[in-house]
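Colleague: The structure file coords-v2.cif (mmCIF, C-alpha atoms) is provided below.
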data_coords
loop_
_atom_site.label_atom_id
_atom_site.label_comp_id
_atom_site.auth_asym_id
_atom_site.auth_seq_id
_atom_site.Cartn_x
_atom_site.Cartn_y
_atom_site.Cartn_z
CA MET X 275 43.54 191.83 92.12
CA THR X 276 44.22 188.58 90.27
CA TYR X 277 46.85 185.92 90.78
CA LEU X 278 47.94 186.68 87.23
CA ARG X 279 48.74 190.31 88.01
CA ASP X 280 50.83 189.33 91.02
CA GLU X 281 52.63 186.61 89.07
CA ILE X 282 53.44 188.97 86.21
CA ALA X 283 54.82 191.52 88.68
CA SER X 284 56.97 188.90 90.41
CA GLN X 285 58.93 187.99 87.29
CA PRO X 286 62.03 190.13 87.97
CA SER X 287 62.55 188.57 91.41
CA VAL X 288 61.79 185.10 90.07
CA TRP X 289 64.36 185.55 87.30
CA GLU X 290 66.98 186.59 89.85
CA ARG X 291 66.34 183.39 91.82
CA THR X 292 66.43 181.36 88.62
CA LEU X 293 69.95 182.54 87.86
CA GLY X 294 71.05 180.83 91.07
CA VAL X 295 69.62 177.43 90.08
CA SER X 296 72.02 174.73 88.91
CA THR X 297 71.56 173.94 85.23
CA GLY X 298 74.14 171.17 85.08
CA ALA X 299 71.53 168.62 84.01
CA LEU X 300 70.74 170.57 80.85
CA PRO X 301 72.42 169.59 77.56
CA PRO X 302 76.11 170.44 77.14
CA ALA X 303 77.43 171.86 73.91
CA GLY X 304 77.82 169.33 71.12
CA GLU X 305 74.75 167.21 71.81
CA ARG X 306 71.88 166.79 69.35
CA VAL X 307 68.83 167.79 71.36
CA ALA X 308 65.03 167.74 71.12
CA VAL X 309 62.94 170.05 73.29
CA ILE X 310 59.28 169.26 73.92
CA GLY X 311 56.33 170.92 75.61
CA CYS X 312 52.66 171.78 75.20
CA GLY X 313 51.10 175.20 74.73
CA THR X 314 53.22 177.86 76.41
CA SER X 315 55.97 175.34 77.16
CA PHE X 316 56.17 174.41 73.47
CA TYR X 317 56.69 178.06 72.58
CA MET X 318 59.48 178.38 75.14
CA ALA X 319 60.95 175.22 73.60
CA GLN X 320 60.93 176.93 70.21
CA ALA X 321 62.80 179.91 71.61
CA TYR X 322 65.42 177.77 73.37
CA ALA X 323 65.96 175.51 70.38
CA ALA X 324 66.64 178.46 68.08
CA LEU X 325 68.96 180.10 70.62
CA ARG X 326 70.92 176.91 71.30
CA GLU X 327 71.48 176.08 67.66
CA SER X 328 72.34 179.64 66.63
CA ALA X 329 74.87 179.80 69.49
CA GLY X 330 76.68 176.80 68.01
CA HIS X 331 75.82 174.36 70.81
CA GLY X 332 74.42 171.74 68.46
CA GLU X 333 71.43 170.80 66.35
CA THR X 334 68.28 171.47 68.38
CA ASP X 335 64.68 170.77 67.44
CA ALA X 336 61.47 171.83 69.19
CA PHE X 337 58.27 169.78 69.07
CA ALA X 338 54.83 169.87 70.52
CA ALA X 339 55.01 166.83 72.82
CA SER X 340 52.18 165.09 70.98
CA GLU X 341 54.15 165.31 67.72
CA PHE X 342 57.56 164.23 69.04
CA PRO X 343 59.15 161.73 66.60
CA VAL X 344 60.28 159.16 69.15
CA ALA X 345 62.05 157.05 66.52
CA ARG X 346 64.42 159.91 65.67
CA SER X 347 67.86 159.79 67.26
CA TYR X 348 68.79 162.45 69.83
CA ASP X 349 71.52 162.67 72.45
CA ARG X 350 69.09 164.21 74.95
CA VAL X 351 65.45 165.22 75.24
CA VAL X 352 64.45 168.25 77.32
CA ALA X 353 60.82 168.47 78.48
CA LEU X 354 59.24 171.69 79.73
CA THR X 355 56.16 171.25 81.93
CA ARG X 356 54.91 173.59 84.63
CA SER X 357 52.56 171.05 86.22
CA GLY X 358 54.62 167.90 85.71
CA THR X 359 51.39 166.07 84.86
CA THR X 360 50.68 166.85 81.20
CA THR X 361 49.72 163.62 79.47
CA GLU X 362 51.48 164.20 76.14
CA VAL X 363 54.77 165.17 77.82
CA LEU X 364 54.77 162.09 80.05
CA ALA X 365 53.98 159.84 77.12
CA ALA X 366 56.83 161.25 75.03
CA LEU X 367 59.32 160.84 77.89
CA GLU X 368 58.27 157.25 78.43
CA ARG X 369 58.60 156.38 74.74
CA THR X 370 62.01 157.90 73.97
CA SER X 371 65.22 155.93 74.47
CA ALA X 372 67.35 159.08 74.80
CA PRO X 373 68.47 160.50 78.17
CA THR X 374 65.87 162.97 79.39
CA VAL X 375 65.67 166.04 81.63
CA ALA X 376 62.52 167.84 82.72
CA VAL X 377 62.21 171.50 83.71
CA THR X 378 59.20 171.81 86.00
CA ALA X 379 57.65 173.84 88.79
CA ASP X 380 56.59 170.74 90.71
CA PRO X 381 59.11 167.91 91.02
CA ALA X 382 56.73 165.93 93.27
CA THR X 383 54.71 164.90 90.22
CA PRO X 384 54.86 162.06 87.67
CA VAL X 385 57.41 163.87 85.51
CA ALA X 386 60.08 163.20 88.13
CA GLY X 387 59.66 159.48 87.55
CA ALA X 388 59.42 159.80 83.78
CA ALA X 389 62.60 161.88 83.31
CA ASP X 390 66.17 160.89 84.13
CA ALA X 391 66.92 164.31 85.67
CA VAL X 392 64.88 167.29 86.85
CA VAL X 393 65.54 171.03 87.00
CA ALA X 394 63.05 172.26 89.60
CA LEU X 395 61.78 175.85 89.70
CA GLU X 396 59.28 175.51 92.56
CA PHE X 397 59.46 179.22 93.39
CA ALA X 398 58.16 180.01 89.87
CA ASP X 399 54.98 177.95 90.25
CA GLU X 400 51.68 179.72 89.70
CA LYS X 401 48.05 179.72 90.81
CA SER X 402 46.68 181.26 87.64
CA VAL X 403 45.79 178.93 84.80
CA VAL X 404 47.34 181.49 82.44
CA GLN X 405 51.07 180.80 82.58
CA THR X 406 53.59 183.62 82.78
CA ARG X 407 56.42 183.51 85.32
CA PHE X 408 57.18 179.79 85.10
CA ALA X 409 57.55 180.00 81.34
CA THR X 410 59.85 183.01 81.43
CA ALA X 411 61.85 181.59 84.35
CA ALA X 412 62.34 178.34 82.45
CA LEU X 413 63.62 180.29 79.45
CA VAL X 414 65.95 182.30 81.68
CA ALA X 415 67.39 179.04 83.04
CA LEU X 416 67.77 177.63 79.55
CA ARG X 417 69.44 180.78 78.27
CA ALA X 418 71.80 180.83 81.25
CA SER X 419 72.78 177.24 80.48
CA LEU X 420 73.97 178.47 77.07
CA GLY X 421 76.33 180.94 78.74
CA GLU X 422 74.26 184.06 78.11
CA ARG X 423 74.94 187.01 80.43
CA LEU X 424 71.56 187.96 81.86
CA ASP X 425 72.64 190.14 84.77
CA GLY X 426 70.58 193.18 83.73
CA LEU X 427 67.48 191.30 82.63
CA ALA X 428 65.56 191.54 85.92
CA ALA X 429 66.22 195.28 86.21
CA ALA X 430 64.93 195.81 82.67
CA ALA X 431 61.76 193.89 83.51
CA THR X 432 61.30 195.96 86.66
CA ALA X 433 61.50 199.13 84.58
CA GLU X 434 58.95 197.73 82.14
CA LEU X 435 56.50 196.99 84.95
CA ALA X 436 56.61 200.66 85.96
CA THR X 437 55.97 201.95 82.42
CA PRO X 438 52.39 203.00 81.54
CA LEU X 439 50.76 200.97 78.77
CA PRO X 440 49.66 203.01 75.73
CA ARG X 441 45.98 203.12 74.83
CA GLU X 442 46.76 201.76 71.35
CA LEU X 443 47.65 198.41 72.94
CA LEU X 444 44.77 198.32 75.40
CA ASP X 445 42.01 199.44 73.02
CA ALA X 446 42.99 197.32 70.02
CA ALA X 447 40.44 195.15 68.26
CA GLN X 448 43.09 192.68 67.09
CA TRP X 449 46.75 191.87 67.78
CA THR X 450 49.33 190.23 65.51
CA PHE X 451 52.72 189.22 66.90
CA LEU X 452 55.81 188.75 64.74
CA GLY X 453 59.23 187.24 65.43
CA THR X 454 62.41 186.00 63.81
CA GLY X 455 64.75 183.27 64.98
CA TRP X 456 64.24 182.62 68.68
CA THR X 457 61.66 185.37 69.05
CA ILE X 458 59.05 183.51 66.99
CA GLY X 459 58.50 181.46 70.16
CA LEU X 460 57.86 184.67 72.08
CA ALA X 461 55.50 185.93 69.38
CA ASN X 462 53.54 182.67 69.49
CA GLU X 463 53.38 182.87 73.27
CA ALA X 464 52.23 186.50 73.31
CA ALA X 465 49.40 185.64 70.93
CA LEU X 466 48.39 182.74 73.15
CA LYS X 467 48.37 184.93 76.27
CA LEU X 468 45.98 187.48 74.74
CA ARG X 469 43.82 184.69 73.35
CA GLU X 470 43.59 182.83 76.67
CA ALA X 471 43.12 185.77 78.99
CA THR X 472 40.95 188.07 76.88
CA GLN X 473 39.17 185.80 74.34
CA SER X 474 40.61 188.01 71.61
CA TRP X 475 41.47 187.56 67.95
CA THR X 476 45.24 187.20 67.91
CA GLU X 477 47.71 185.79 65.41
CA SER X 478 51.47 185.18 65.19
CA TYR X 479 53.84 184.75 62.28
CA TYR X 480 57.46 184.74 61.24
CA ALA X 481 58.14 188.40 60.49
CA MET X 482 59.26 187.81 56.91
CA GLU X 483 56.16 185.69 56.25
CA TYR X 484 53.82 188.44 57.38
CA ARG X 485 53.97 190.15 53.98
CA HIS X 486 52.84 186.94 52.29
CA GLY X 487 49.15 187.36 53.03
CA PRO X 488 48.59 188.12 56.73
CA ILE X 489 49.37 191.83 56.33
CA SER X 490 46.00 192.07 54.58
CA ILE X 491 44.24 192.20 57.98
CA ALA X 492 46.30 195.17 59.24
CA ALA X 493 44.08 198.22 59.72
CA PRO X 494 43.46 201.16 62.05
CA GLY X 495 42.59 199.98 65.55
CA ARG X 496 44.72 196.86 65.22
CA VAL X 497 48.23 196.14 66.50
CA VAL X 498 51.28 194.58 64.86
CA TRP X 499 53.84 193.79 67.56
CA VAL X 500 57.39 192.85 66.53
CA PHE X 501 59.67 190.92 68.90
CA GLY X 502 63.30 191.66 68.18
CA ALA X 503 64.56 193.48 65.11
CA ALA X 504 62.00 194.16 62.39
CA PRO X 505 62.94 193.21 58.81
CA ALA X 506 63.90 196.15 56.62
CA GLY X 507 60.91 198.03 55.27
CA LEU X 508 58.27 196.10 57.24
CA VAL X 509 57.49 198.81 59.79
CA ASP X 510 56.80 201.39 57.09
CA GLU X 511 54.56 198.94 55.21
CA VAL X 512 52.52 198.22 58.32
CA ARG X 513 52.22 201.87 59.29
CA ARG X 514 50.78 202.65 55.86
CA THR X 515 47.86 200.36 56.74
CA GLY X 516 47.01 202.51 59.75
CA ALA X 517 47.78 199.74 62.25
CA HIS X 518 49.77 200.54 65.40
CA VAL X 519 53.30 199.10 65.30
CA GLU X 520 54.80 198.02 68.62
CA LEU X 521 58.56 197.46 68.63
CA SER X 522 60.59 195.81 71.38
CA ASP X 523 63.59 197.72 72.67
CA GLY X 524 66.20 195.76 74.56
CA ASP X 525 65.78 192.09 75.41
CA PRO X 526 62.68 190.62 73.71
CA LEU X 527 61.82 188.66 76.85
CA VAL X 528 61.07 191.98 78.56
CA SER X 529 58.69 192.78 75.69
CA LEU X 530 56.89 189.50 76.49
CA VAL X 531 56.33 190.82 80.03
CA ARG X 532 54.73 193.88 78.41
CA ALA X 533 52.41 191.57 76.46
CA HIS X 534 51.55 189.79 79.72
CA ARG X 535 50.54 193.14 81.21
CA VAL X 536 48.35 193.96 78.21
CA ALA X 537 46.62 190.58 78.50
CA GLU X 538 45.84 191.09 82.18
CA ALA X 539 44.69 194.70 81.75
CA VAL X 540 42.42 193.93 78.81
CA ALA X 541 40.91 190.95 80.63
CA GLU X 542 40.17 193.14 83.65
CA ALA X 543 38.63 195.86 81.47
CA ARG X 544 36.35 193.28 79.87
CA GLY X 545 35.25 191.82 83.18
CA LEU X 546 36.95 188.48 82.52
CA ASP X 547 38.77 186.28 85.05
CA PRO X 548 42.23 185.61 83.57
CA ASP X 549 43.02 183.22 86.42
CA ARG X 550 40.32 180.84 85.14
CA PRO X 551 39.82 181.29 81.39
CA ARG X 552 36.84 179.51 79.89
CA ASN X 553 37.38 175.95 78.68
CA LEU X 554 40.89 175.75 80.18
CA ASP X 555 42.48 173.80 83.02
CA ARG X 556 45.89 174.24 84.61
CA SER X 557 47.10 170.96 83.13
CA VAL X 558 45.77 168.82 80.30
CA ILE X 559 45.39 165.30 81.66
CA LEU X 560 43.84 162.92 79.16
CA LYS X 561 41.80 159.98 80.35
#
Represent the structure contained in this file as structure tokens.
Modeller:
Amino acid sequence: MTYLRDEIASQPSVWERTLGVSTGALPPAGERVAVIGCGTSFYMAQAYAALRESAGHGETDAFAASEFPVARSYDRVVALTRSGTTTEVLAALERTSAPTVAVTADPATPVAGAADAVVALEFADEKSVVQTRFATAALVALRASLGERLDGLAAAATAELATPLPRELLDAAQWTFLGTGWTIGLANEAALKLREATQSWTESYYAMEYRHGPISIAAPGRVVWVFGAAPAGLVDEVRRTGAHVELSDGDPLVSLVRAHRVAEAVAEARGLDPDRPRNLDRSVILK
């Protein structure tokens, strides 16, 4: 057993607890907002930014923390950081003049001093280097702050955890993940999970961009996984290549849990330790 497997399996209960957390510190409707993070947290920032703006809550941009344009004017900056110690996130918070709020699993870290407010999800913290439940819990909190009804989300994830994974996903030589709107963040994150945990060749693209070149790598023994609704005609085009097409039914966040399960299962089959992937640490702290 790995920490990662346990943390993946705990997501439904963690999401239920998350829905009870106060999100009053998060941006109200009408503010112009920037959301920053690194790695997985950046991809969750992408998802939240697209959801917030499409819901009419205000212009919302997502940035990798190292690329945050601190001179640009925002009403609020939201930082996502599991560890609370990531160098680029702390630097961006210290440099911006906008009010700031951090979503973190560990409020007893430097991010608490760098941000004006903190949303703490201590119960979602993880031992595995490969991040799963904190990222999805943070997105659940962010979605709840937008007024989304997420009452059935945990039950759907529980059902997914009990569903056998098809061999086409486990035996693939390559995985490509596609998304549109807010699900491009999920597609990027799914590709990162497989890459981190299994040392695999994975890619991610906007679904409509996939036809513009990347579809050339689709072939038998490879997977094209679409988060959310697939653009018209794309599924048939991919199937003609012989690649396996994986579609997400229901909430795309539940499909991300499925990708987590694939990452852990493939890592185990290859004799890899997904809790401690090579060349990775739990937090990037630059000297």
Colleague: Which residues come within 9 Å of Pro286 of chain X, counting all atoms listed in the file, excluding same-chain residues fewer than 5 positions away, as a ChimeraX atom specification?
Modeller: /X:291,427-432
Colleague: Nearest to Arg485 of chain X: which of X:Leu508, X:Ala379, X:Val404, X:Val497 is it, counting all atoms listed in the file?
Modeller: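 Closest residue, counting all atoms listed in the file: X:Leu508.
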Colleague: Can you work out which one of X:Thr383, X:Thr361, X:Ser340, X:Thr314 has the shortest atom-to-atom distance to Lys467 of chain X, counting only C-alpha atoms?
Modeller: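 Closest to Lys467 of chain X of all the choices is X:Thr314.
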Colleague: Starting from the PyMOL selection byres ((chain X and resi 297-312) around 7), expand the selection into actual residues of this file and give them as a PyMOL selection string.
Modeller: chain X and resi 295-296+313-316+319+323+331-339+348-355+363+375+391+393+415+419
Colleague: Export C-alpha atoms of the chosen residues as a short mmCIF file (atom, residue, chain, number, x, y, z; two decimals), keeping the file's coordinate frame?
Modeller:
data_model
loop_
_atom_site.label_atom_id
_atom_site.label_comp_id
_atom_site.auth_asym_id
_atom_site.auth_seq_id
_atom_site.Cartn_x
_atom_site.Cartn_y
_atom_site.Cartn_z
CA VAL X 295 69.62 177.43 90.08
CA SER X 296 72.02 174.73 88.91
CA GLY X 313 51.10 175.20 74.73
CA THR X 314 53.22 177.86 76.41
CA SER X 315 55.97 175.34 77.16
CA PHE X 316 56.17 174.41 73.47
CA ALA X 319 60.95 175.22 73.60
CA ALA X 323 65.96 175.51 70.38
CA HIS X 331 75.82 174.36 70.81
CA GLY X 332 74.42 171.74 68.46
CA GLU X 333 71.43 170.80 66.35
CA THR X 334 68.28 171.47 68.38
CA ASP X 335 64.68 170.77 67.44
CA ALA X 336 61.47 171.83 69.19
CA PHE X 337 58.27 169.78 69.07
CA ALA X 338 54.83 169.87 70.52
CA ALA X 339 55.01 166.83 72.82
CA TYR X 348 68.79 162.45 69.83
CA ASP X 349 71.52 162.67 72.45
CA ARG X 350 69.09 164.21 74.95
CA VAL X 351 65.45 165.22 75.24
CA VAL X 352 64.45 168.25 77.32
CA ALA X 353 60.82 168.47 78.48
CA LEU X 354 59.24 171.69 79.73
CA THR X 355 56.16 171.25 81.93
CA VAL X 363 54.77 165.17 77.82
CA VAL X 375 65.67 166.04 81.63
CA ALA X 391 66.92 164.31 85.67
CA VAL X 393 65.54 171.03 87.00
CA ALA X 415 67.39 179.04 83.04
CA SER X 419 72.78 177.24 80.48
#
Colleague: Between X:Arg496, X:Arg356, X:Arg369, X:Arg550, which residue has the minimum interatomic distance to Leu444 of chain X, considering only C-alpha atoms?
Modeller: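 Under the stated criterion, the closest residue is X:Arg496.
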Colleague: Have a look at atom CA of Asp547 of chain X and atom CA of Ser474 of chain X and let me know their distance in Å, one decimal.
Modeller: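 One can read the atom CA of Asp547 of chain X to atom CA of Ser474 of chain X distance as 13.7 Å.
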Colleague: Restricting the calculation to only C-alpha atoms: of X:Leu530, X:Val509, X:Ala394, X:Leu413, which residue gets closest to Ala461 of chain X?
Modeller: X:Leu530
Colleague: Using all atoms listed in the file, give me every residue within 6 Å of (54.1, 198.7, 67.7) in file coordinates, as a list in words.
Modeller: Val498, Trp499, His518, Val519, Glu520 and Leu521 of chain X
Colleague: Which residues come within 12 Å of Ala382 of chain X, counting all atoms listed in the file, excluding same-chain residues fewer than 5 positions away, as a PyMOL selection string?
Modeller: chain X and resi 356-359+387-388+392-396
Colleague: Counting all atoms listed in the file, which residues sit no farther than 7 Å from the position (65.9, 157.0, 80.8) in the file's frame? I'd like them as a PyMOL selection string.
Modeller: chain X and resi 371-374+389-390
Colleague: Taking into account all atoms listed in the file, which residue in the set X:Gln405, X:Thr437, X:Thr360, X:Thr457 is nearest to Ala471 of chain X?
Modeller: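 Of X:Gln405, X:Thr437, X:Thr360, X:Thr457, the one nearest Ala471 of chain X is X:Gln405, counting all atoms listed in the file.
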Colleague: For atom CA of Ala447 of chain X and atom CA of Glu463 of chain X, determine how far apart the two atoms are, in Å to one decimal place.
Modeller: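 For atom CA of Ala447 of chain X relative to atom CA of Glu463 of chain X, the distance reads 18.5 Å.
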Colleague: As JSON, please report the centre and edge lengths, rounded to one decimal in Å, of the axis-aligned box that holds all listed atoms of segment 295-311 of chain X with 4 Å of padding on each of the six sides.
Modeller:
{"center_x": 67.1, "center_y": 172.1, "center_z": 79.7, "size_x": 29.5, "size_y": 18.6, "size_z": 28.7}
Colleague: Any chance you could model N, CA, C and O atoms for segment 300-311 of chain X and send them as a PDB file, in the frame of the given file?
Modeller:
ATOM      1  N   LEU X 300      71.146 170.192  82.197  1.00  0.00           N
ATOM      2  CA  LEU X 300      70.740 170.570  80.850  1.00  0.00           C
ATOM      3  C   LEU X 300      71.834 170.211  79.840  1.00  0.00           C
ATOM      4  O   LEU X 300      72.990 170.025  80.210  1.00  0.00           O
ATOM      5  N   PRO X 301      71.475 170.116  78.561  1.00  0.00           N
ATOM      6  CA  PRO X 301      72.420 169.590  77.560  1.00  0.00           C
ATOM      7  C   PRO X 301      73.705 170.402  77.446  1.00  0.00           C
ATOM      8  O   PRO X 301      73.651 171.634  77.339  1.00  0.00           O
ATOM      9  N   PRO X 302      74.853 169.743  77.423  1.00  0.00           N
ATOM     10  CA  PRO X 302      76.110 170.440  77.140  1.00  0.00           C
ATOM     11  C   PRO X 302      76.247 170.713  75.652  1.00  0.00           C
ATOM     12  O   PRO X 302      75.506 170.156  74.831  1.00  0.00           O
ATOM     13  N   ALA X 303      77.178 171.571  75.312  1.00  0.00           N
ATOM     14  CA  ALA X 303      77.430 171.860  73.910  1.00  0.00           C
ATOM     15  C   ALA X 303      77.865 170.594  73.182  1.00  0.00           C
ATOM     16  O   ALA X 303      78.570 169.746  73.741  1.00  0.00           O
ATOM     17  N   GLY X 304      77.431 170.465  71.951  1.00  0.00           N
ATOM     18  CA  GLY X 304      77.820 169.330  71.120  1.00  0.00           C
ATOM     19  C   GLY X 304      76.765 168.248  70.998  1.00  0.00           C
ATOM     20  O   GLY X 304      76.835 167.420  70.085  1.00  0.00           O
ATOM     21  N   GLU X 305      75.789 168.233  71.885  1.00  0.00           N
ATOM     22  CA  GLU X 305      74.750 167.210  71.810  1.00  0.00           C
ATOM     23  C   GLU X 305      73.672 167.608  70.794  1.00  0.00           C
ATOM     24  O   GLU X 305      73.385 168.787  70.595  1.00  0.00           O
ATOM     25  N   ARG X 306      73.063 166.586  70.204  1.00  0.00           N
ATOM     26  CA  ARG X 306      71.880 166.790  69.350  1.00  0.00           C
ATOM     27  C   ARG X 306      70.657 166.645  70.254  1.00  0.00           C
ATOM     28  O   ARG X 306      70.469 165.610  70.898  1.00  0.00           O
ATOM     29  N   VAL X 307      69.844 167.689  70.307  1.00  0.00           N
ATOM     30  CA  VAL X 307      68.830 167.790  71.360  1.00  0.00           C
ATOM     31  C   VAL X 307      67.442 168.019  70.758  1.00  0.00           C
ATOM     32  O   VAL X 307      67.286 168.731  69.759  1.00  0.00           O
ATOM     33  N   ALA X 308      66.430 167.429  71.393  1.00  0.00           N
ATOM     34  CA  ALA X 308      65.030 167.740  71.120  1.00  0.00           C
ATOM     35  C   ALA X 308      64.439 168.364  72.378  1.00  0.00           C
ATOM     36  O   ALA X 308      64.746 167.929  73.497  1.00  0.00           O
ATOM     37  N   VAL X 309      63.608 169.373  72.186  1.00  0.00           N
ATOM     38  CA  VAL X 309      62.940 170.050  73.290  1.00  0.00           C
ATOM     39  C   VAL X 309      61.443 169.935  73.057  1.00  0.00           C
ATOM     40  O   VAL X 309      60.957 170.240  71.965  1.00  0.00           O
ATOM     41  N   ILE X 310      60.707 169.482  74.088  1.00  0.00           N
ATOM     42  CA  ILE X 310      59.280 169.260  73.920  1.00  0.00           C
ATOM     43  C   ILE X 310      58.476 170.000  74.984  1.00  0.00           C
ATOM     44  O   ILE X 310      58.976 170.305  76.065  1.00  0.00           O
ATOM     45  N   GLY X 311      57.233 170.281  74.667  1.00  0.00           N
ATOM     46  CA  GLY X 311      56.330 170.920  75.610  1.00  0.00           C
ATOM     47  C   GLY X 311      54.965 171.040  74.966  1.00  0.00           C
ATOM     48  O   GLY X 311      54.778 170.680  73.796  1.00  0.00           O
TER      49      GLY X 311
END
